[in-house]
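**Q** The structure follows.
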Amino acid sequence: MLIQSISRLVSPSFRSQPLKISALRVSTTVSAAERLYDHLQGCTTNLEKDLASVKVKLDASCINEVIRRCNSNQFQLGLRFFIWAGTQRDHRHSPYMYTKACDFLKIRANPDLIKYVFEAYLKEECLVSVKTMRIVLSICNQAKLADEALWVLRKFPEFELCADTVAYNLVIRLFADKGDLNMAEELMKEMDCIDLCPDVITFTSVINGFCNAGKIDEAWKLAKSMSKHGCVLNTVTYSRIVEGVCKSGDMETALELLVEMEKQDCGGLICPNTVTYTLVIQAFCEKKRIREALMVLDRMGERGCLPNRVTASVLIQGVLENDEDVKDISKLIDKLVKLGGVSLSDCFSSAIVSLIRMKRWEEAEKMFRLMLVRGIRPDGLACTLVFKELCLLERFHECFLLYEEIEKADVKSTIDSDIHSVLLLGLCEHGRSWEAAKLAKSMLDKKMRLNVSHVEKIIKALKKTGDEDLMRRLSTF
């Protein structure tokens, strides 16, 4: 009976009807994929025109199944199918689909597949549209193939097509992310030559590249030239430059930029937001300049900009890493809560997480228990880390008592099945029959499964104790 009850915790229960529906859906998807895949095998020329004759409804599962079936000798075939599917009126590839296609067809390891496909298009005189080109460029983007994307961009005229701003932006971003800023700038200039106007996305991509390369002066120079092209410097772009300056370590310049943003806040386009202030606060905290970080928080409050959970977490960790006492952190928490945007639960939970990660367990436990006494609900991550630490210390009974308190407080916990399993095993091994039975029932009520690696250990521990009462309790679930 005990083994049967344990197996209920290990294996989920399924209702017959949903299982039949699921099986039917899988069968339908596989059937459509089989038809398409079989049709692919018989195509000798102009595959795209041939595929149009197959009357099946395309969806992500079907497309994934087709390209998954393509072996290494059929990757070119699979890529052509994927591109064709993306051009169909009733379907649009999601970012996830591009990821799966690149993985299944190993595009990054075989970038020449893209060239082979275009050679086939030209040889077979296939109809190639701007949409086709965008899909191929998106594949290059997913696979981080900047050179191949540029090659595709140069192929537009061969198919009597004109590359647009979207196409140029994608290629520019790839080179900027790659660190080839000369090519990124060259492509921006090229856009002007063919009457394509660089937009905010174009400028932001290159500015990001300069910031990542630590070339803040170039980034700032480019940002100031945006107005000449009819683009308005906005908060996102400005904040990115501030972040780049922070990463370079020039905090005085970062503050100057922040002040400049505050001064220009007339039309609302350049207004430091929570993200901007948090970036500067984090940079000061990383440099152990807590006083300046707190001053930025004050500026933030004066402008009515509310801190968020990230702001609170960064500041609390910074103060704690500066060897401040837990009592002193309460002043910061009070200040954050008064400003609005974060709750006592957010702040205390962040402090507990930071303390545990800093190996200051006693202070973390004290704060956790204080939260419960004051009726403040800890968040899921704080609960998980506290319970994990108690289990590591083999304080299973105390962990269970805290678990019950959390359950009564109706906290939405992220405590996973592994921690539940470790706790159940610990209670069994320490002869805590009543608590183990109650925990097992709670797991069953939540339809939570035991970690398979712990099942045999739990059964072994119960057999050693000879606890018939627990066996009887478990057998009733």
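By convention in this document, the chains of the structure tokens carry letters A, B, ... by their order, each chain's residues are numbered from 1, and ligands are numbered from 1 in the order they are shown.
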Name the residues in contact with Asp250 (chain A) at a cut-off of 12 Å, using only C-alpha atoms, excluding same-chain residues fewer than 4 positions from it; report them as a list in words.
**A** Gly214, Ile216, Ile241, Val242, Glu243, Gly244, Val245, Cys246, Ala254, Leu255, Glu256, Leu257, Val280, Ala283, Phe284 and Lys287 of chain A
**Q** So which residues of region 341-396 of chain A fall under helix (DSSP H, G or I) by DSSP, listed as a ChimeraX atom specification?
**A** /A:344-357,361-373,380-392,396
**Q** Could the residues in this selection be saved with N, CA and C atoms as a short mmCIF file (atom, residue, chain, number, x, y, z; two decimals), in the first residue's frame?
**A**
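Here's the written file selection.cif:
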```cif
data_model
loop_
_atom_site.label_atom_id
_atom_site.label_comp_id
_atom_site.auth_asym_id
_atom_site.auth_seq_id
_atom_site.Cartn_x
_atom_site.Cartn_y
_atom_site.Cartn_z
N LEU A 344 6.70 46.31 1.41
CA LEU A 344 7.55 45.76 2.47
C LEU A 344 7.97 44.34 2.13
N SER A 345 7.04 43.57 1.56
CA SER A 345 7.34 42.19 1.17
C SER A 345 8.47 42.15 0.14
N ASP A 346 8.39 43.03 -0.88
CA ASP A 346 9.44 43.09 -1.91
C ASP A 346 10.81 43.38 -1.28
N CYS A 347 10.84 44.37 -0.42
CA CYS A 347 12.11 44.81 0.16
C CYS A 347 12.70 43.77 1.11
N PHE A 348 11.89 43.27 2.05
CA PHE A 348 12.40 42.28 2.99
C PHE A 348 12.81 40.99 2.26
N SER A 349 12.03 40.59 1.28
CA SER A 349 12.36 39.38 0.52
C SER A 349 13.68 39.55 -0.22
N SER A 350 13.90 40.72 -0.80
CA SER A 350 15.17 41.01 -1.49
C SER A 350 16.33 40.96 -0.51
N ALA A 351 16.12 41.49 0.69
CA ALA A 351 17.18 41.49 1.71
C ALA A 351 17.52 40.05 2.12
N ILE A 352 16.50 39.22 2.29
CA ILE A 352 16.72 37.82 2.68
C ILE A 352 17.50 37.08 1.60
N VAL A 353 17.11 37.28 0.35
CA VAL A 353 17.81 36.63 -0.77
C VAL A 353 19.28 37.06 -0.81
N SER A 354 19.53 38.37 -0.64
CA SER A 354 20.91 38.88 -0.65
C SER A 354 21.72 38.31 0.50
N LEU A 355 21.14 38.28 1.69
CA LEU A 355 21.84 37.77 2.87
C LEU A 355 22.22 36.30 2.70
N ILE A 356 21.31 35.50 2.17
CA ILE A 356 21.60 34.07 1.97
C ILE A 356 22.71 33.89 0.95
N ARG A 357 22.66 34.65 -0.13
CA ARG A 357 23.69 34.55 -1.17
C ARG A 357 25.04 35.05 -0.67
N TRP A 361 23.58 33.59 6.89
CA TRP A 361 22.36 32.83 7.11
C TRP A 361 21.61 33.23 8.37
N GLU A 362 22.31 33.42 9.47
CA GLU A 362 21.64 33.74 10.73
C GLU A 362 20.81 35.02 10.62
N GLU A 363 21.36 36.03 9.95
CA GLU A 363 20.64 37.28 9.77
C GLU A 363 19.44 37.09 8.85
N ALA A 364 19.62 36.25 7.83
CA ALA A 364 18.53 35.98 6.89
C ALA A 364 17.37 35.27 7.59
N GLU A 365 17.71 34.28 8.41
CA GLU A 365 16.67 33.54 9.12
C GLU A 365 15.92 34.44 10.10
N LYS A 366 16.65 35.27 10.79
CA LYS A 366 16.03 36.19 11.75
C LYS A 366 15.06 37.12 11.05
N MET A 367 15.47 37.64 9.91
CA MET A 367 14.61 38.54 9.15
C MET A 367 13.39 37.82 8.61
N PHE A 368 13.57 36.57 8.16
CA PHE A 368 12.47 35.78 7.62
C PHE A 368 11.41 35.55 8.69
N ARG A 369 11.87 35.17 9.88
CA ARG A 369 10.93 34.93 10.99
C ARG A 369 10.25 36.23 11.43
N LEU A 370 10.99 37.33 11.37
CA LEU A 370 10.42 38.63 11.71
C LEU A 370 9.29 39.00 10.75
N MET A 371 9.49 38.68 9.49
CA MET A 371 8.45 38.95 8.49
C MET A 371 7.16 38.22 8.84
N LEU A 372 7.30 36.94 9.20
CA LEU A 372 6.12 36.14 9.51
C LEU A 372 5.42 36.66 10.76
N VAL A 373 6.20 37.06 11.76
CA VAL A 373 5.62 37.61 12.99
C VAL A 373 4.83 38.89 12.71
N GLY A 380 8.14 34.01 -3.18
CA GLY A 380 8.48 32.62 -3.46
C GLY A 380 9.97 32.32 -3.42
N LEU A 381 10.79 33.21 -3.98
CA LEU A 381 12.23 32.97 -4.01
C LEU A 381 12.81 32.96 -2.60
N ALA A 382 12.39 33.90 -1.77
CA ALA A 382 12.88 33.94 -0.39
C ALA A 382 12.51 32.66 0.35
N CYS A 383 11.26 32.20 0.18
CA CYS A 383 10.81 30.95 0.82
C CYS A 383 11.66 29.78 0.36
N THR A 384 11.87 29.68 -0.93
CA THR A 384 12.63 28.57 -1.50
C THR A 384 14.04 28.50 -0.93
N LEU A 385 14.73 29.66 -0.90
CA LEU A 385 16.11 29.68 -0.41
C LEU A 385 16.19 29.38 1.08
N VAL A 386 15.22 29.87 1.86
CA VAL A 386 15.21 29.61 3.30
C VAL A 386 14.98 28.12 3.56
N PHE A 387 14.00 27.53 2.89
CA PHE A 387 13.71 26.11 3.10
C PHE A 387 14.87 25.23 2.65
N LYS A 388 15.50 25.64 1.55
CA LYS A 388 16.65 24.87 1.05
C LYS A 388 17.78 24.88 2.07
N GLU A 389 18.02 26.05 2.66
CA GLU A 389 19.09 26.17 3.65
C GLU A 389 18.79 25.35 4.90
N LEU A 390 17.53 25.38 5.36
CA LEU A 390 17.15 24.60 6.54
C LEU A 390 17.31 23.10 6.28
N CYS A 391 16.98 22.66 5.08
CA CYS A 391 17.15 21.25 4.73
C CYS A 391 18.63 20.86 4.70
N LEU A 392 19.46 21.76 4.16
CA LEU A 392 20.91 21.50 4.13
C LEU A 392 21.48 21.40 5.55
N PHE A 396 14.92 19.72 9.75
CA PHE A 396 13.71 19.37 9.00
C PHE A 396 12.43 19.73 9.75
#
```
**Q** Measure the distance from CA of Gly304 (chain A) to CA of Cys285 (chain A) in Å and round it to one decimal.
**A**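 Pair CA of Gly304 (chain A) / CA of Cys285 (chain A) returns 21.8 Å.
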**Q** Would you pick out the contacts of Asn141 (chain A) at 9 Å or less, using only C-alpha atoms, so that residues sharing its chain but fewer than 4 positions from it are not included, and give the list as a ChimeraX atom specification?
**A** /A:136-137,145-146,149,170-171,173-174
**Q** Extract, using only C-alpha atoms, all DNA, RNA and protein residues at most 12 Å from Glu394 (chain A), discarding same-chain residues fewer than 4 positions from it, and format them as a list in words.
**A**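 The residues that qualify are Phe387, Lys388, Glu389, Leu390, Glu398, Cys399, Phe400, Val422, Leu423, Leu424, Leu425, Gly426, Leu427, Glu429 and His430 of chain A.
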**Q** Find the distance between CA of Ala437 (chain A) and CA of Lys460 (chain A) and write it in Å to one decimal.
**A**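 CA of Lys460 (chain A) lies at a distance of 15.6 Å from CA of Ala437 (chain A).
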**Q** Which value, in Å to one decimal, gives the distance between CA of Gly78 (chain A) and CA of Thr165 (chain A)?
**A**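 The value is 28.5 Å.
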**Q** Of the residues A:Asp334, A:Glu407, A:Glu125, A:Asp199, which is the one nearest to Glu48 (chain A), using only C-alpha atoms?
**A**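 The answer is A:Glu125, which sits nearest to Glu48 (chain A).
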**Q** Could you pull the residues within 9 Å of region 258-263 of chain A, counting only C-alpha atoms, minus those fewer than 6 positions along the same chain, as a PDB file with N, CA and C atoms, in the first residue's frame?
**A**
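around.pdb, freshly written:
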```pdb
ATOM      1  N   THR A 235      14.233  58.574 -24.535  1.00  0.00           N
ATOM      2  CA  THR A 235      14.707  58.105 -23.229  1.00  0.00           C
ATOM      3  C   THR A 235      15.476  56.796 -23.337  1.00  0.00           C
ATOM      4  N   TYR A 238      18.967  57.449 -24.850  1.00  0.00           N
ATOM      5  CA  TYR A 238      19.743  58.230 -23.885  1.00  0.00           C
ATOM      6  C   TYR A 238      20.165  57.350 -22.704  1.00  0.00           C
ATOM      7  N   SER A 239      19.220  56.518 -22.243  1.00  0.00           N
ATOM      8  CA  SER A 239      19.518  55.633 -21.105  1.00  0.00           C
ATOM      9  C   SER A 239      20.604  54.632 -21.468  1.00  0.00           C
ATOM     10  N   VAL A 242      23.828  56.327 -21.086  1.00  0.00           N
ATOM     11  CA  VAL A 242      24.127  56.425 -19.654  1.00  0.00           C
ATOM     12  C   VAL A 242      24.665  55.095 -19.130  1.00  0.00           C
ATOM     13  N   ILE A 270      12.657  62.962 -23.570  1.00  0.00           N
ATOM     14  CA  ILE A 270      13.879  62.604 -22.851  1.00  0.00           C
ATOM     15  C   ILE A 270      13.619  62.838 -21.375  1.00  0.00           C
ATOM     16  N   CYS A 271      13.185  61.819 -20.730  1.00  0.00           N
ATOM     17  CA  CYS A 271      12.880  61.928 -19.307  1.00  0.00           C
ATOM     18  C   CYS A 271      13.455  60.711 -18.603  1.00  0.00           C
ATOM     19  N   PRO A 272      14.391  60.903 -17.665  1.00  0.00           N
ATOM     20  CA  PRO A 272      14.943  59.733 -16.985  1.00  0.00           C
ATOM     21  C   PRO A 272      13.835  58.947 -16.299  1.00  0.00           C
ATOM     22  N   THR A 276      16.565  54.193 -16.027  1.00  0.00           N
ATOM     23  CA  THR A 276      17.728  55.092 -16.084  1.00  0.00           C
ATOM     24  C   THR A 276      18.338  55.278 -14.698  1.00  0.00           C
ATOM     25  N   TYR A 277      17.505  55.634 -13.738  1.00  0.00           N
ATOM     26  CA  TYR A 277      18.002  55.856 -12.379  1.00  0.00           C
ATOM     27  C   TYR A 277      18.596  54.577 -11.785  1.00  0.00           C
ATOM     28  N   VAL A 280      22.166  53.881 -12.914  1.00  0.00           N
ATOM     29  CA  VAL A 280      23.165  54.709 -12.231  1.00  0.00           C
ATOM     30  C   VAL A 280      23.349  54.239 -10.787  1.00  0.00           C
ATOM     31  N   ARG A 303      11.620  63.697  -8.199  1.00  0.00           N
ATOM     32  CA  ARG A 303      11.001  63.849  -9.510  1.00  0.00           C
ATOM     33  C   ARG A 303       9.751  62.973  -9.664  1.00  0.00           C
TER      34      ARG A 303
END
```
**Q** So, with only C-alpha atoms as the atoms that count, which of A:Leu187, A:Leu47, A:Lys123, A:Asn64 lies closest to Glu34 (chain A)?
**A** A:Asn64
**Q** If we count only C-alpha atoms and set the cut-off at 12 Å, which residues sit around region 188-197 of chain A, ignoring sequence neighbours fewer than 5 positions away in its own chain? Please answer as JSON, numbers by chain.
**A** {"A": [162, 163, 164, 165, 166, 167, 168, 169, 170, 171, 172, 173, 175, 176, 181, 182, 183, 202, 203, 204, 205, 206, 222, 226, 227, 228, 229, 230, 231]}
**Q** Could those selected residues go to a file with C-alpha atoms, as an mmCIF file, in the first residue's frame?
**A**
```
data_model
loop_
_atom_site.group_PDB
_atom_site.id
_atom_site.type_symbol
_atom_site.label_atom_id
_atom_site.label_comp_id
_atom_site.auth_asym_id
_atom_site.auth_seq_id
_atom_site.Cartn_x
_atom_site.Cartn_y
_atom_site.Cartn_z
ATOM 1 C CA CYS A 162 14.751 46.969 -53.438
ATOM 2 C CA ALA A 163 16.048 46.564 -49.891
ATOM 3 C CA ASP A 164 14.096 48.643 -47.397
ATOM 4 C CA THR A 165 14.907 50.192 -44.019
ATOM 5 C CA VAL A 166 13.821 47.025 -42.189
ATOM 6 C CA ALA A 167 16.355 44.930 -44.139
ATOM 7 C CA TYR A 168 19.177 47.421 -43.598
ATOM 8 C CA ASN A 169 18.380 47.742 -39.891
ATOM 9 C CA LEU A 170 18.631 44.003 -39.384
ATOM 10 C CA VAL A 171 22.033 43.778 -41.097
ATOM 11 C CA ILE A 172 23.341 46.894 -39.340
ATOM 12 C CA ARG A 173 22.347 45.515 -35.948
ATOM 13 C CA PHE A 175 27.396 44.043 -37.465
ATOM 14 C CA ALA A 176 26.999 46.412 -34.513
ATOM 15 C CA LEU A 181 31.219 49.237 -36.274
ATOM 16 C CA ASN A 182 32.973 50.346 -39.445
ATOM 17 C CA MET A 183 30.660 48.182 -41.529
ATOM 18 C CA THR A 202 19.137 52.217 -36.967
ATOM 19 C CA PHE A 203 20.733 54.772 -34.675
ATOM 20 C CA THR A 204 20.001 52.786 -31.524
ATOM 21 C CA SER A 205 21.663 49.669 -32.978
ATOM 22 C CA VAL A 206 24.895 51.511 -33.799
ATOM 23 C CA LEU A 222 26.024 59.809 -33.171
ATOM 24 C CA MET A 226 19.962 62.000 -34.928
ATOM 25 C CA SER A 227 17.969 65.231 -35.253
ATOM 26 C CA LYS A 228 19.604 65.938 -38.621
ATOM 27 C CA HIS A 229 17.917 62.795 -39.942
ATOM 28 C CA GLY A 230 14.529 63.631 -38.497
ATOM 29 C CA CYS A 231 14.960 61.275 -35.539
#
```
